[in-house]
There are 4 protein chains.
Amino acid sequence: MTTQLVLRFRAPDRPGIMGIIAPLLANHGCDVRGAEVYGDEGTGGFFCRMVLSCPTGRDELAAVIEPAARQLSLEWELRDLGTKMKVLIAVSKFGHCLVDLIHKREIGQLPIDIVGVVSNHEAMRKTVDWHGLPYHHLPMDQGKPAQEAAFLSLIEKTGAELTVLARYMQILSDEFSAQLSGRCINIHHSFLPSFKGAKPYHQAHARGVKLIGATAHFVTPDLDEGPIIEQDVRRVTHAVTADEMVAIGREIEASVLSRAVRWQAEHRIFQNGNKTVVLSSI
Amino acid sequence: MTTQLVLRFRAPDRPGIMGIIAPLLANHGCDVRGAEVYGDEGTGGFFCRMVLSCPTGRDELAAVIEPAARQLSLEWELRDLGTKMKVLIAVSKFGHCLVDLIHKREIGQLPIDIVGVVSNHEAMRKTVDWHGLPYHHLPMDQGKPAQEAAFLSLIEKTGAELTVLARYMQILSDEFSAQLSGRCINIHHSFLPSFKGAKPYHQAHARGVKLIGATAHFVTPDLDEGPIIEQDVRRVTHAVTADEMVAIGREIEASVLSRAVRWQAEHRIFQNGNKTVVLSSI
Amino acid sequence: MTTQLVLRFRAPDRPGIMGIIAPLLANHGCDVRGAEVYGDEGTGGFFCRMVLSCPTGRDELAAVIEPAARQLSLEWELRDLGTKMKVLIAVSKFGHCLVDLIHKREIGQLPIDIVGVVSNHEAMRKTVDWHGLPYHHLPMDQGKPAQEAAFLSLIEKTGAELTVLARYMQILSDEFSAQLSGRCINIHHSFLPSFKGAKPYHQAHARGVKLIGATAHFVTPDLDEGPIIEQDVRRVTHAVTADEMVAIGREIEASVLSRAVRWQAEHRIFQNGNKTVVLSSI
Amino acid sequence: MTTQLVLRFRAPDRPGIMGIIAPLLANHGCDVRGAEVYGDEGTGGFFCRMVLSCPTGRDELAAVIEPAARQLSLEWELRDLGTKMKVLIAVSKFGHCLVDLIHKREIGQLPIDIVGVVSNHEAMRKTVDWHGLPYHHLPMDQGKPAQEAAFLSLIEKTGAELTVLARYMQILSDEFSAQLSGRCINIHHSFLPSFKGAKPYHQAHARGVKLIGATAHFVTPDLDEGPIIEQDVRRVTHAVTADEMVAIGREIEASVLSRAVRWQAEHRIFQNGNKTVVLSSI
């Protein structure tokens, strides 16, 4: 009976971290199934993610790591891969990303527990109801401060560790963004940093680009400027209209967003200044 | 004995153009081997490119088309695919695009006739000499106006129909750009409109994008704003340094630029306002 | 008031076809909005697809074309883009392609009319019911001949012009395949011709390929040998398990299949021997 | 003054390996700059590659590791990244991969030392001479056994650690392949396992695939069946002829092969049965 755990940490880079951590794990009987370590020259950050087969539960190993982690100034987490990440999804009127996330969770392809769906519209209620998920209509007519307060309280109540803006077409206040720092992922429907702001496919069409894309990023107070997690593109021609770009783009958006959510749920992503480190080996 | 010709034209869109042109071609005994026609809703432009097997030479067919073309207000060209486009290549110190274009021409993969290489440096002379091509060193220390005058006079003397800026690291004057409008292609080492200007890979690295790219575009007085012909991208990770992006990018640049040059040499590209129409069927 | 029509035809290649057809269209007042023409050197086939703005309905134009088409031995169709193609979808237990097709139709992204869903299992009934589509359970325990007879009779009754095998895990009889020739599209979960037959992702994993893919093709009596319509791939590493390939592959399958279905619904695809010609300009 | 080293090893998987190795490195003053570890469920193999900043030279650290490595049954190597891998390139008549490898080495993009070029033809002599590299013409008319003996003796004399078959159009004998096991990379001009054997682009054209590709793999006695290192594809249409596929494919071949060679020169690749593990973090 072993537990599958992820140990992940970051630290100011200095020699010897692995020399202290690795023997602790070995002495505890842990088997390293996969690991990736990255020392960033730019920021001097040291990032590590390990998948461990552990003969005990999470807490026993955590107790072993804790003193060393403190001594080494690690920011660390030890996560049980058997426990799914709680995710709250926000959506407005376009359901393609939401439908994709729900479907992938239902067929066991996304290790998340969707604790609810928030929307400033009623458009997606029927779909969400049918999948047996709680739907929270938080209309904007109560004013943004009240609406965001209700949103935050919902995050707290549901215990959501991750909030996913799955084409949620509201600009968040700085306070809201700041409070969700590192635990809120947005999908922007362009290949950032091109075409920030509204109607990016129409901007792309007007500029005549030959590839269109989508970008999943952490939400920060700077709109469309947060650390990029994942991007992808698809080829278009002069004959593709702006509306057809919107249609083609939906598939890219859903695909990119679901990858970002999966990586976060698998504890692969670190923020590194305004960039991300995604450790992806098993 | 047939001649392979390309007939291409653009016109203000109005019904009946094909109804007049097609019988002319048929009566002349031409066989349409492939064709693409595109009516642009945005600009109202009508674009057509046909590959014809023609029982006569180019000029006999041109004489047949001319009156109709005048009546229909066509901007048209009739090109013999047996005649290679004359191309002048400009380069500074980085030779990867130049080497790629020369190699592809030598193995018969690019239907161009390289009439010479222009550079503001001596770095590529040895390579160009070895391939038996004329090398023209046009240093900048004579001042930009004199240098550009020499450049233009070279274009005229060589009869170059296309000037390719294959990593030519000089900002062209508005006058120079304007004079080469529609017959000068540049490779920009980013996925435009992201990362205009200098050191785009370093900009991309700083922003933390997950894909880097390159863009071939027609040169216009607005730097990095010309009509986009072709783009491509390659995936990178957090672990790829700015210098490694430069290295990865070289391959994308050479590939994208050579496609743009080939399409131009095959008479596929139309400027359509600040965009391009690339008709690519055979 | 104009009608948007697609005129498509194929013919044994011979000069002059466009010279006869184009004036007919012009005299009828049709405006060519886009067209692609392809003469295949290998088979000698000549393929054409045009999008027309027509001042009359479909039938009036058809009457004009008919005599010329007969004289030129064209295999031709004239389709009204306002009339959606009737599509019957077959599925077994995996719903990802089905869900994707239904969603894309619901948001207006696929010009099809789903006339029903056929399955040899009950697994997808609940989903299909909820979307208000007829579900036909045709179990295999009645024997393949009876089941296929029921399937064919359903195609006839519903008037389906296209049958889509959206992960329908049954090998069709030669007779069934032959009867649906040219109007039945299958998605195979590998990059054909690699990994024909069962469990292709497990075959791909065993071989250690670095890209996995999916293939949409017309169904023919030769299993997995039909004319390929569309393919796509996604990068994998050594660390991706066969089960994870299955998961990654679902997205490729849904994407590739929906493109093939859209192209068929837009009357773009021609069979050309054991290959396809896909004319894709607008 | 630090040395940049790569420590790589494989072992039968068992817990505790990192717990023994990591402290040795730490005590020696090594700083782990990046690492990737992979435990393969299928074969039970454990693979590790680390980039180390080491305060001593390679040999001092090797002496420290050696006893532990023996005890743990590691197959291991410790490589100095300052020492370029010696590479011998074999070519026949098509020079695109050769030219690409030479160019990338010349601009510092490939950490290899090209010790010579072998060919069964004279076609590439002029090019190779010009780049100042030794050219060895080993014609086949002496018979394959004699030719291969000369080839092997050249590998030995030059000290080549890697032999690259850069479109070397000779089938190697089983003995030759076996002797170069793990240190000979071939580029096959198809997306394996599709289209093994001769004229793969013509096979691809005949089958009507919509993507063509290339595959770099280790050479084994089973032709085109060796462990795959890297693959890539490019989109084609029905209108692309077999000859045009050959042309498009050249770029994919050169790109894929140069990546495989770089990874090998950076000590990233492990054979794992008939598959490869490519550890790619920094």
# chains A, B, ... in the order shown; residues from 1 in each chain; ligands from 1
>>> interface_residues(of="chain A", to="chain D", cutoff="8 Å", atoms="only C-alpha atoms", output="ChimeraX atom specification")
/A:14-27,29-40,281-282
>>> residues_around(residues="Asn272 of chain D", least_positions_apart="6", cutoff="9 Å", atoms="only C-alpha atoms", output="MDAnalysis selection string")
chainID D and resid 40 43 45 227
>>> write_last_selection(atoms="C-alpha atoms", output="PDB file, in the first residue's frame")
ATOM      1  CA  ASP D  40       9.601   3.794 -16.529  1.00  0.00           C
ATOM      2  CA  THR D  43      10.670  -1.615 -18.300  1.00  0.00           C
ATOM      3  CA  GLY D  45      14.258   1.362 -15.788  1.00  0.00           C
ATOM      4  CA  PRO D 227      14.282   3.518 -31.364  1.00  0.00           C
TER       5      PRO D 227
END
>>> residues_around(residues="Val256 of chain A", least_positions_apart="3", cutoff="8 Å", atoms="only C-alpha atoms", output="NGL selection string")
:A and (187 or 214-216 or 230-232 or 252-253 or 259-260)
>>> select_by_dssp(residues="segment 7-53 of chain A", states="alpha helix (DSSP H)", output="list in words")
Ile17, Met18, Gly19, Ile20, Ile21, Ala22, Pro23, Leu24, Leu25, Ala26 and Asn27 of chain A
>>> closest_atom_pairs(of="segment 134-218 of chain C", to="segment 107-128 of chain C", cutoff="8 Å", atoms="only C-alpha atoms", output="JSON lines")
{"residue": "C:Pro134", "atom": "CA", "partner": "C:Gly116", "partner_atom": "CA", "distance": 4.8}
{"residue": "C:Tyr135", "atom": "CA", "partner": "C:Val117", "partner_atom": "CA", "distance": 5.0}
{"residue": "C:His136", "atom": "CA", "partner": "C:Val118", "partner_atom": "CA", "distance": 4.8}
{"residue": "C:His137", "atom": "CA", "partner": "C:Ser119", "partner_atom": "CA", "distance": 5.1}
{"residue": "C:Leu138", "atom": "CA", "partner": "C:Asn120", "partner_atom": "CA", "distance": 4.9}
{"residue": "C:Pro139", "atom": "CA", "partner": "C:Asn120", "partner_atom": "CA", "distance": 4.4}
{"residue": "C:Met140", "atom": "CA", "partner": "C:Asn120", "partner_atom": "CA", "distance": 6.1}
{"residue": "C:Phe151", "atom": "CA", "partner": "C:Val118", "partner_atom": "CA", "distance": 7.6}
{"residue": "C:Thr158", "atom": "CA", "partner": "C:Val115", "partner_atom": "CA", "distance": 6.3}
{"residue": "C:Ala160", "atom": "CA", "partner": "C:Val115", "partner_atom": "CA", "distance": 6.9}
{"residue": "C:Tyr168", "atom": "CA", "partner": "C:Ser119", "partner_atom": "CA", "distance": 7.5}
>>> closest_residue(among="B:Arg10, B:Lys84, B:Lys144, B:Lys210", to="Arg234 of chain B", atoms="only C-alpha atoms")
B:Lys210
>>> residues_around(residues="Cys184 of chain C", least_positions_apart="3", cutoff="9 Å", atoms="only C-alpha atoms", output="PyMOL selection string")
chain C and resi 161-165+177+180-181+217-220
